[in-house]
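Pasting start-v6.cif here (mmCIF, C-alpha atoms):
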```cif
data_input
loop_
_atom_site.label_atom_id
_atom_site.label_comp_id
_atom_site.auth_asym_id
_atom_site.auth_seq_id
_atom_site.Cartn_x
_atom_site.Cartn_y
_atom_site.Cartn_z
CA MET A 6 34.53 14.01 12.17
CA LYS A 7 32.97 14.45 8.73
CA ASP A 8 30.14 16.93 8.26
CA PRO A 9 26.59 15.59 8.13
CA VAL A 10 25.48 14.54 4.69
CA VAL A 11 21.96 15.18 3.45
CA LEU A 12 20.02 13.40 0.74
CA LYS A 13 16.65 14.62 -0.49
CA VAL A 14 14.65 12.61 -2.96
CA SER A 15 11.10 12.64 -4.29
CA LEU A 16 9.78 9.15 -4.95
CA PRO A 17 6.92 8.30 -7.32
CA LYS A 18 4.53 5.49 -6.50
CA ILE A 19 6.01 2.61 -8.49
CA PRO A 20 6.80 -0.91 -7.23
CA ASP A 21 9.86 -1.24 -4.98
CA ILE A 22 10.78 2.46 -5.31
CA GLU A 23 11.73 2.35 -1.61
CA LEU A 24 14.85 0.44 -2.66
CA VAL A 25 16.10 3.61 -4.36
CA ALA A 26 16.07 5.30 -0.97
CA VAL A 27 17.81 2.30 0.61
CA GLU A 28 20.50 2.53 -2.06
CA GLY A 29 20.94 6.23 -1.27
CA LEU A 30 21.24 5.41 2.41
CA ASP A 31 23.94 2.84 1.67
CA ARG A 32 25.91 5.36 -0.39
CA LEU A 33 25.79 7.99 2.35
CA ALA A 34 26.98 5.41 4.85
CA ARG A 35 29.88 4.34 2.63
CA HIS A 36 30.89 7.99 2.21
CA LEU A 37 30.97 8.39 6.00
CA GLY A 38 32.77 5.10 6.55
CA ILE A 39 29.89 3.52 8.45
CA ALA A 40 30.07 -0.26 8.59
CA ASP A 41 27.39 -2.12 6.64
CA GLY A 42 26.45 -4.09 9.75
CA LYS A 43 25.18 -0.93 11.43
CA LEU A 44 22.65 -0.20 8.69
CA GLY A 45 20.29 -3.16 8.88
CA GLU A 46 17.65 -1.56 11.08
CA ALA A 47 18.00 1.78 9.31
CA ARG A 48 17.21 0.08 6.00
CA ILE A 49 14.06 -1.46 7.45
CA LEU A 50 12.98 1.87 8.97
CA VAL A 51 13.40 3.64 5.63
CA THR A 52 11.48 0.92 3.83
CA GLU A 53 8.61 0.93 6.31
CA ALA A 54 8.27 4.71 6.37
CA ILE A 55 8.13 4.98 2.58
CA ILE A 56 5.74 2.11 1.91
CA ASN A 57 3.49 3.39 4.69
CA ALA A 58 3.36 6.81 3.04
CA LEU A 59 2.88 5.48 -0.49
CA GLU A 60 0.15 3.05 0.55
CA HIS A 61 -1.90 5.20 2.85
CA SER A 62 -1.54 8.76 1.62
CA GLY A 63 -3.52 8.36 -1.57
CA ASN A 64 -0.87 10.60 -3.09
CA ALA A 65 1.42 9.78 -5.99
CA THR A 66 4.67 11.13 -4.55
CA VAL A 67 6.56 10.93 -1.27
CA ASN A 68 9.41 13.23 -0.26
CA VAL A 69 12.23 11.66 1.69
CA GLU A 70 15.14 13.36 3.43
CA PHE A 71 18.06 11.68 5.18
CA THR A 72 20.55 13.50 7.39
CA MET A 73 23.39 11.22 8.36
CA THR A 74 26.45 11.60 10.56
CA THR A 75 28.81 8.90 11.71
CA LYS A 76 26.71 8.67 14.88
CA GLU A 77 23.10 8.87 13.78
CA LEU A 78 20.58 9.02 10.98
CA THR A 79 17.48 11.19 10.79
CA ILE A 80 14.81 10.05 8.34
CA PHE A 81 12.09 12.49 7.35
CA VAL A 82 9.25 11.22 5.15
CA ARG A 83 6.60 13.65 3.97
CA ASP A 84 3.51 13.08 1.88
CA TYR A 85 0.76 15.48 0.88
CA GLY A 86 -2.04 12.95 0.95
CA LYS A 87 -5.29 12.79 2.86
CA GLY A 88 -3.72 12.05 6.25
CA PHE A 89 -5.22 9.87 8.94
CA GLU A 90 -6.11 9.84 12.62
CA VAL A 91 -2.92 8.53 14.22
CA ALA A 92 -4.64 7.72 17.52
CA SER A 93 -7.12 5.45 15.75
CA VAL A 94 -4.45 3.09 14.45
CA GLU A 95 -4.67 -0.11 16.46
CA ASN A 96 -1.58 -1.66 17.98
CA PRO A 97 -1.31 -4.96 16.10
CA ASP A 98 -1.14 -8.17 18.05
CA LEU A 99 -0.18 -11.50 16.52
CA GLN A 100 -2.67 -13.48 18.60
CA ALA A 101 -5.45 -11.31 17.23
CA LYS A 102 -4.13 -11.58 13.68
CA LEU A 103 -4.22 -15.37 13.77
CA GLY A 104 -7.59 -16.38 12.43
CA SER A 105 -8.25 -12.88 11.17
CA LYS A 106 -8.36 -11.99 7.48
CA HIS A 107 -6.36 -8.83 8.08
CA LYS A 108 -2.75 -9.83 8.65
CA ARG A 109 -1.17 -6.49 7.76
CA GLY A 110 -0.84 -3.23 9.68
CA TRP A 111 2.58 -3.68 11.32
CA GLY A 112 4.45 -0.69 9.89
CA LEU A 113 3.92 1.84 12.68
CA LYS A 114 4.67 -0.70 15.38
CA VAL A 115 7.91 -1.73 13.67
CA MET A 116 9.00 1.89 13.20
CA LYS A 117 8.21 2.85 16.80
CA SER A 118 9.95 -0.21 18.22
CA MET A 119 13.04 -0.10 16.03
CA SER A 120 13.80 3.62 16.17
CA ASP A 121 15.47 5.68 18.89
CA ASP A 122 12.98 8.53 18.39
CA PHE A 123 9.79 8.39 16.38
CA LYS A 124 7.33 11.15 15.62
CA ILE A 125 4.31 11.11 13.35
CA GLU A 126 2.09 14.05 12.56
CA SER A 127 -0.88 13.66 10.26
CA GLY A 128 -3.67 15.95 9.12
CA PRO A 129 -5.59 17.09 6.06
CA ASP A 130 -2.37 18.42 4.52
CA GLY A 131 -0.63 15.05 4.70
CA THR A 132 1.64 13.10 7.00
CA ARG A 133 5.14 13.71 8.33
CA ILE A 134 7.20 10.93 9.88
CA THR A 135 10.47 11.78 11.62
CA ILE A 136 12.71 8.95 12.79
CA ARG A 137 16.04 9.16 14.60
CA LYS A 138 18.28 6.10 14.57
CA LEU A 139 21.61 5.84 16.34
CA LEU A 140 24.27 4.17 14.22
CA SER A 141 26.90 3.50 16.88
CA MET B 14 21.28 -2.58 -4.41
CA GLU B 15 19.04 -5.29 -3.01
CA GLN B 16 18.19 -7.77 -5.75
CA PRO B 17 14.65 -8.62 -6.96
CA PHE B 18 12.99 -11.41 -5.04
CA SER B 19 13.37 -15.06 -5.99
CA LEU B 20 13.05 -18.35 -4.15
CA THR B 21 14.03 -21.97 -4.38
CA SER B 22 12.65 -24.91 -2.45
CA GLU B 23 13.58 -28.49 -1.72
CA LEU B 24 12.22 -31.37 0.32
CA ARG B 25 14.49 -33.25 2.73
CA ASP B 26 12.88 -36.14 4.58
CA LYS B 27 9.45 -34.61 3.98
CA ARG B 28 10.62 -31.29 5.38
CA LEU B 29 10.27 -28.24 3.17
CA ILE B 30 13.20 -25.83 2.90
CA ILE B 31 12.40 -22.52 1.22
CA THR B 32 15.40 -20.31 0.45
CA THR B 33 14.81 -16.73 -0.60
CA SER B 34 17.01 -14.21 -2.30
CA GLY B 35 16.51 -10.45 -2.48
CA TYR B 36 13.91 -8.06 -1.12
CA VAL B 37 10.94 -9.74 0.56
CA ASN B 38 8.09 -7.34 -0.22
CA ASN B 39 4.41 -8.16 -0.70
CA VAL B 40 5.16 -10.07 -3.91
CA GLY B 41 7.91 -12.05 -2.17
CA GLY B 42 5.78 -12.79 0.87
CA GLU B 43 2.96 -14.01 -1.33
CA ALA B 44 5.35 -16.21 -3.31
CA ILE B 45 6.63 -17.81 -0.08
CA ALA B 46 3.06 -18.45 1.08
CA ARG B 47 2.16 -19.94 -2.30
CA GLU B 48 5.16 -22.26 -2.28
CA PHE B 49 4.33 -23.35 1.26
CA GLN B 50 0.70 -23.97 0.32
CA ARG B 51 1.67 -26.22 -2.57
CA HIS B 52 3.62 -28.51 -0.25
CA PHE B 53 1.27 -28.19 2.73
CA GLU B 54 -1.56 -29.59 0.63
CA ASN B 55 0.62 -32.65 0.04
CA GLY B 56 1.15 -33.17 3.76
CA THR B 57 4.30 -31.20 4.55
CA LYS B 58 4.09 -29.79 8.08
CA GLU B 59 7.69 -28.93 8.92
CA VAL B 60 9.09 -25.91 7.13
CA VAL B 61 12.43 -24.12 7.15
CA LEU B 62 12.55 -20.58 5.80
CA ASN B 63 16.13 -19.66 4.97
CA LEU B 64 16.47 -15.87 4.67
CA ALA B 65 20.27 -15.81 4.32
CA GLN B 66 20.16 -13.85 1.08
CA SER B 67 17.36 -11.48 2.11
CA LYS B 68 18.79 -8.60 4.11
CA VAL B 69 15.92 -6.22 3.40
CA VAL B 70 12.33 -7.21 4.10
CA ASN B 71 9.17 -5.25 4.81
CA SER B 72 6.33 -5.87 7.20
CA VAL B 73 3.83 -6.40 4.38
CA GLY B 74 5.93 -9.28 3.05
CA MET B 75 6.40 -10.70 6.53
CA SER B 76 2.67 -10.56 7.25
CA PHE B 77 2.16 -13.31 4.65
CA LEU B 78 4.14 -15.59 6.94
CA ILE B 79 1.37 -15.29 9.53
CA GLU B 80 -0.83 -17.30 7.17
CA ILE B 81 1.80 -20.04 7.13
CA ILE B 82 2.08 -20.03 10.92
CA GLU B 83 -1.71 -20.15 11.22
CA GLN B 84 -2.00 -23.26 9.09
CA LEU B 85 0.94 -24.99 10.75
CA GLU B 86 -0.48 -24.27 14.21
CA GLU B 87 -3.76 -25.91 13.23
CA SER B 88 -1.99 -29.00 11.92
CA LYS B 89 0.62 -29.21 14.72
CA GLY B 90 3.38 -28.33 12.31
CA LYS B 91 6.26 -25.93 12.72
CA LEU B 92 8.04 -23.10 10.89
CA VAL B 93 11.71 -22.42 11.68
CA PHE B 94 13.62 -19.39 10.35
CA THR B 95 17.33 -19.68 9.61
CA ASN B 96 20.27 -17.44 8.77
CA LEU B 97 18.48 -14.31 9.90
CA ASP B 98 20.09 -10.92 9.51
CA PRO B 99 19.95 -9.29 13.00
CA ALA B 100 17.67 -6.50 11.76
CA VAL B 101 15.25 -8.96 10.16
CA GLU B 102 15.29 -11.03 13.35
CA LYS B 103 14.41 -7.90 15.34
CA MET B 104 11.50 -7.15 13.03
CA LEU B 105 10.13 -10.68 13.41
CA THR B 106 10.53 -10.36 17.18
CA ILE B 107 8.59 -7.08 17.19
CA MET B 108 5.81 -8.77 15.22
CA GLY B 109 5.76 -11.63 17.74
CA LEU B 110 6.42 -14.37 15.19
CA PHE B 111 8.81 -16.26 17.46
CA GLU B 112 5.92 -16.97 19.83
CA PHE B 113 4.84 -19.52 17.21
CA ALA B 114 7.88 -20.07 15.00
CA GLY B 115 11.41 -21.19 15.79
CA LYS B 116 14.76 -19.84 14.73
CA ALA B 117 18.06 -21.56 14.09
CA ALA B 118 21.49 -20.50 12.93
CA THR B 119 21.60 -22.84 9.94
CA ILE B 120 19.35 -25.09 7.89
CA GLU B 121 20.99 -28.14 9.46
CA ASP B 122 20.28 -26.82 12.96
CA ALA B 123 16.66 -26.22 12.00
CA LEU B 124 16.29 -29.77 10.68
CA LYS B 125 17.84 -31.12 13.89
CA SER B 126 15.33 -29.10 15.95
CA PHE B 127 12.47 -30.92 14.19
CA ALA B 128 14.07 -34.25 14.98
CA ARG B 129 14.41 -33.33 18.68
CA GLN B 130 10.68 -32.56 18.88
CA LYS B 131 9.74 -36.07 17.79
#
```
What does this structure look like when you write it as structure tokens?
Amino acid sequence: MKDPVVLKVSLPKIPDIELVAVEGLDRLARHLGIADGKLGEARILVTEAIINALEHSGNATVNVEFTMTTKELTIFVRDYGKGFEVASVENPDLQAKLGSKHKRGWGLKVMKSMSDDFKIESGPDGTRITIRKLLS
Amino acid sequence: MEQPFSLTSELRDKRLIITTSGYVNNVGGEAIAREFQRHFENGTKEVVLNLAQSKVVNSVGMSFLIEIIEQLEESKGKLVFTNLDPAVEKMLTIMGLFEFAGKAATIEDALKSFARQK
């Protein structure tokens, strides 16, 4: 089995910068011989974690770290923004969104539901999201 | 790398088919909603959204589709997704969109599903 590969990248807040991280993820997977079909949910998790950080942190940069083996991927996204009260984030419901002006707010739900492990810690020194996704 | 977003649309028997390509982000989601709105105002109530060439989407882009579903619900219309990547399908399932929208393997299957509802 190949050793884990690690990618660390610091992303500025510019449009679609999350695709740079997705490209990095794809390259790690190709190096490890992971089939493209196993990456779909991982790509969405990476995208959601980064746009969540860039949108809500109020900070200009997000640090992203991937650790990938042939079996699993760990995604760590760190920002140094203002943080937020995790418990106060409402669980979105489509019925409630219909007729409401606020249609957004799905990122945390998608990440929690799609990952195999999900942890979020947020405070005045920023937010850390850690996601584990099995690739087998 | 995932390509920038673009879309095409066509009408077949008064049914709108929107085909996207590339990353569906907020800009892409808004463009889909705008294209839908243009046809909806002219009476189109049956819509196929073909995401065959969009393997990466985000929830902000997908949230624009709720506006489409909302308007179609009020006018007894229907949105059907086709050619979904499994990961995109899972995201839409998590968001609950299939409570109000359909899904089909191909555009032709989606068009047939409208005919069966008549």
If we draw a sphere of 8 Å around (7.3, -29.3, 7.6), which residues have at least one atom in it when counting only C-alpha atoms? Please report them as a ChimeraX atom specification. /B:27-29,53,57-61,90-92
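Proximity to Ile49 of chain A was assessed for B:Ala44, B:Met75, B:Ala117, B:Val69 counting all atoms listed in the file; the smallest distance is recorded for B:Val69.
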Any idea which chain A residues end up within 9 Å of chain B if we count only C-alpha atoms, as a PyMOL selection string please? chain A and resi 21+24-25+27-28+31+42+44-49+52-53+56+97-100+102-104+108-112+114-115+118-119
Expressed in Å, the length from atom CA of Ser19 of chain B to atom CA of Leu50 of chain A is 22.6 Å
As JSON: centre and edge lengths in Å, one decimal, of the axis-aligned box holding segment 81-95 of chain B with 3 Å per side:
```
{"center_x": 6.8, "center_y": -24.3, "center_z": 10.9, "size_x": 27.1, "size_y": 15.8, "size_z": 13.6}
```
Using all atoms listed in the file, the residue out of A:Ser105, A:Asn68, A:Ala92, A:Met116 with shortest distance to Glu23 of chain A is A:Asn68
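Among B:Val37, B:Leu62, B:Thr95, B:Gly56, the residue with the shortest atom-to-atom distance to Ser22 of chain B, counting only C-alpha atoms, is B:Leu62.
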Within 12 Å of (34.3, 15.8, 5.7) (file coordinates; all atoms listed in the file), which protein or nucleic acid residues are there? I'd like them as a PyMOL selection string. chain A and resi 6-10+36-38+74-75
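For the atom pair formed by atom CA of Leu140 of chain A and atom CA of Val94 of chain A, the distance is 28.7 Å, given to one decimal.
Here atom CA of Asp121 of chain A stands at a distance of 5.2 Å from atom CA of Lys138 of chain A.
Residue nearest Asn64 of chain A within the list A:Lys43, A:Arg32, A:Ile136, A:Gly88: A:Gly88 [criterion: smallest interatomic distance, only C-alpha atoms].
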Evaluate the PyMOL selection byres ((chain A and resi 134) around 7) and record the selected residues as number ranges by chain, following the chain and residue labels used in the document. A: 81-83, 124-126, 132-133, 135-136
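Proximity of A:Lys18, A:Val51, A:Leu139, A:Ser120 to Phe71 of chain A, computed with all atoms listed in the file, is greatest for A:Val51.
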Which residue of B:Glu23, B:Leu85, B:Ser67, B:Glu48 approaches Gly35 of chain B most closely, using all atoms listed in the file: B:Ser67
What does segment 105-128 of chain B look like written to a file with N, CA and C atoms, as a compact mmCIF listing (two decimals), in the first residue's frame?
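Writing the result to part_24.txt gives the following:
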```txt
# COMPACT_ATOMS: atom_id res chain seq x y z
N LEU B 105 -28.74 16.37 -3.80
CA LEU B 105 -30.13 16.80 -4.01
C LEU B 105 -31.08 16.04 -3.09
N THR B 106 -30.75 14.78 -2.84
CA THR B 106 -31.56 13.97 -1.91
C THR B 106 -31.46 14.54 -0.50
N ILE B 107 -30.24 14.87 -0.07
CA ILE B 107 -30.03 15.46 1.26
C ILE B 107 -30.83 16.75 1.40
N MET B 108 -30.87 17.53 0.35
CA MET B 108 -31.60 18.81 0.39
C MET B 108 -33.12 18.60 0.29
N GLY B 109 -33.53 17.40 -0.05
CA GLY B 109 -34.97 17.11 -0.12
C GLY B 109 -35.63 17.49 -1.43
N LEU B 110 -34.85 17.78 -2.45
CA LEU B 110 -35.44 18.29 -3.70
C LEU B 110 -36.33 17.26 -4.40
N PHE B 111 -36.05 15.97 -4.18
CA PHE B 111 -36.85 14.97 -4.88
C PHE B 111 -38.24 14.77 -4.25
N GLU B 112 -38.50 15.49 -3.16
CA GLU B 112 -39.87 15.50 -2.64
C GLU B 112 -40.78 16.27 -3.60
N PHE B 113 -40.17 17.16 -4.38
CA PHE B 113 -40.97 18.01 -5.27
C PHE B 113 -40.56 17.90 -6.74
N ALA B 114 -39.39 17.36 -6.98
CA ALA B 114 -38.89 17.24 -8.36
C ALA B 114 -38.69 15.76 -8.68
N GLY B 115 -38.70 15.45 -9.98
CA GLY B 115 -38.48 14.08 -10.40
C GLY B 115 -37.04 13.87 -10.84
N LYS B 116 -36.71 12.63 -11.12
CA LYS B 116 -35.41 12.34 -11.71
C LYS B 116 -35.59 11.23 -12.73
N ALA B 117 -34.77 11.28 -13.76
CA ALA B 117 -34.84 10.29 -14.84
C ALA B 117 -33.44 10.06 -15.37
N ALA B 118 -33.25 8.89 -15.96
CA ALA B 118 -31.91 8.55 -16.44
C ALA B 118 -31.50 9.43 -17.62
N THR B 119 -32.44 9.69 -18.51
CA THR B 119 -32.12 10.44 -19.73
C THR B 119 -33.17 11.53 -19.98
N ILE B 120 -32.85 12.41 -20.90
CA ILE B 120 -33.82 13.45 -21.28
C ILE B 120 -35.09 12.81 -21.84
N GLU B 121 -34.91 11.80 -22.66
CA GLU B 121 -36.08 11.13 -23.27
C GLU B 121 -36.98 10.52 -22.19
N ASP B 122 -36.36 9.89 -21.19
CA ASP B 122 -37.15 9.32 -20.09
C ASP B 122 -37.90 10.42 -19.33
N ALA B 123 -37.25 11.55 -19.16
CA ALA B 123 -37.91 12.66 -18.45
C ALA B 123 -39.12 13.15 -19.24
N LEU B 124 -38.94 13.29 -20.55
CA LEU B 124 -40.06 13.75 -21.39
C LEU B 124 -41.21 12.75 -21.36
N LYS B 125 -40.86 11.46 -21.36
CA LYS B 125 -41.92 10.43 -21.28
C LYS B 125 -42.66 10.52 -19.95
N SER B 126 -41.94 10.86 -18.87
CA SER B 126 -42.58 10.94 -17.55
C SER B 126 -43.62 12.06 -17.52
N PHE B 127 -43.37 13.14 -18.26
CA PHE B 127 -44.39 14.20 -18.35
C PHE B 127 -45.62 13.68 -19.08
N ALA B 128 -45.38 12.95 -20.14
CA ALA B 128 -46.50 12.43 -20.94
C ALA B 128 -47.37 11.49 -20.11
```
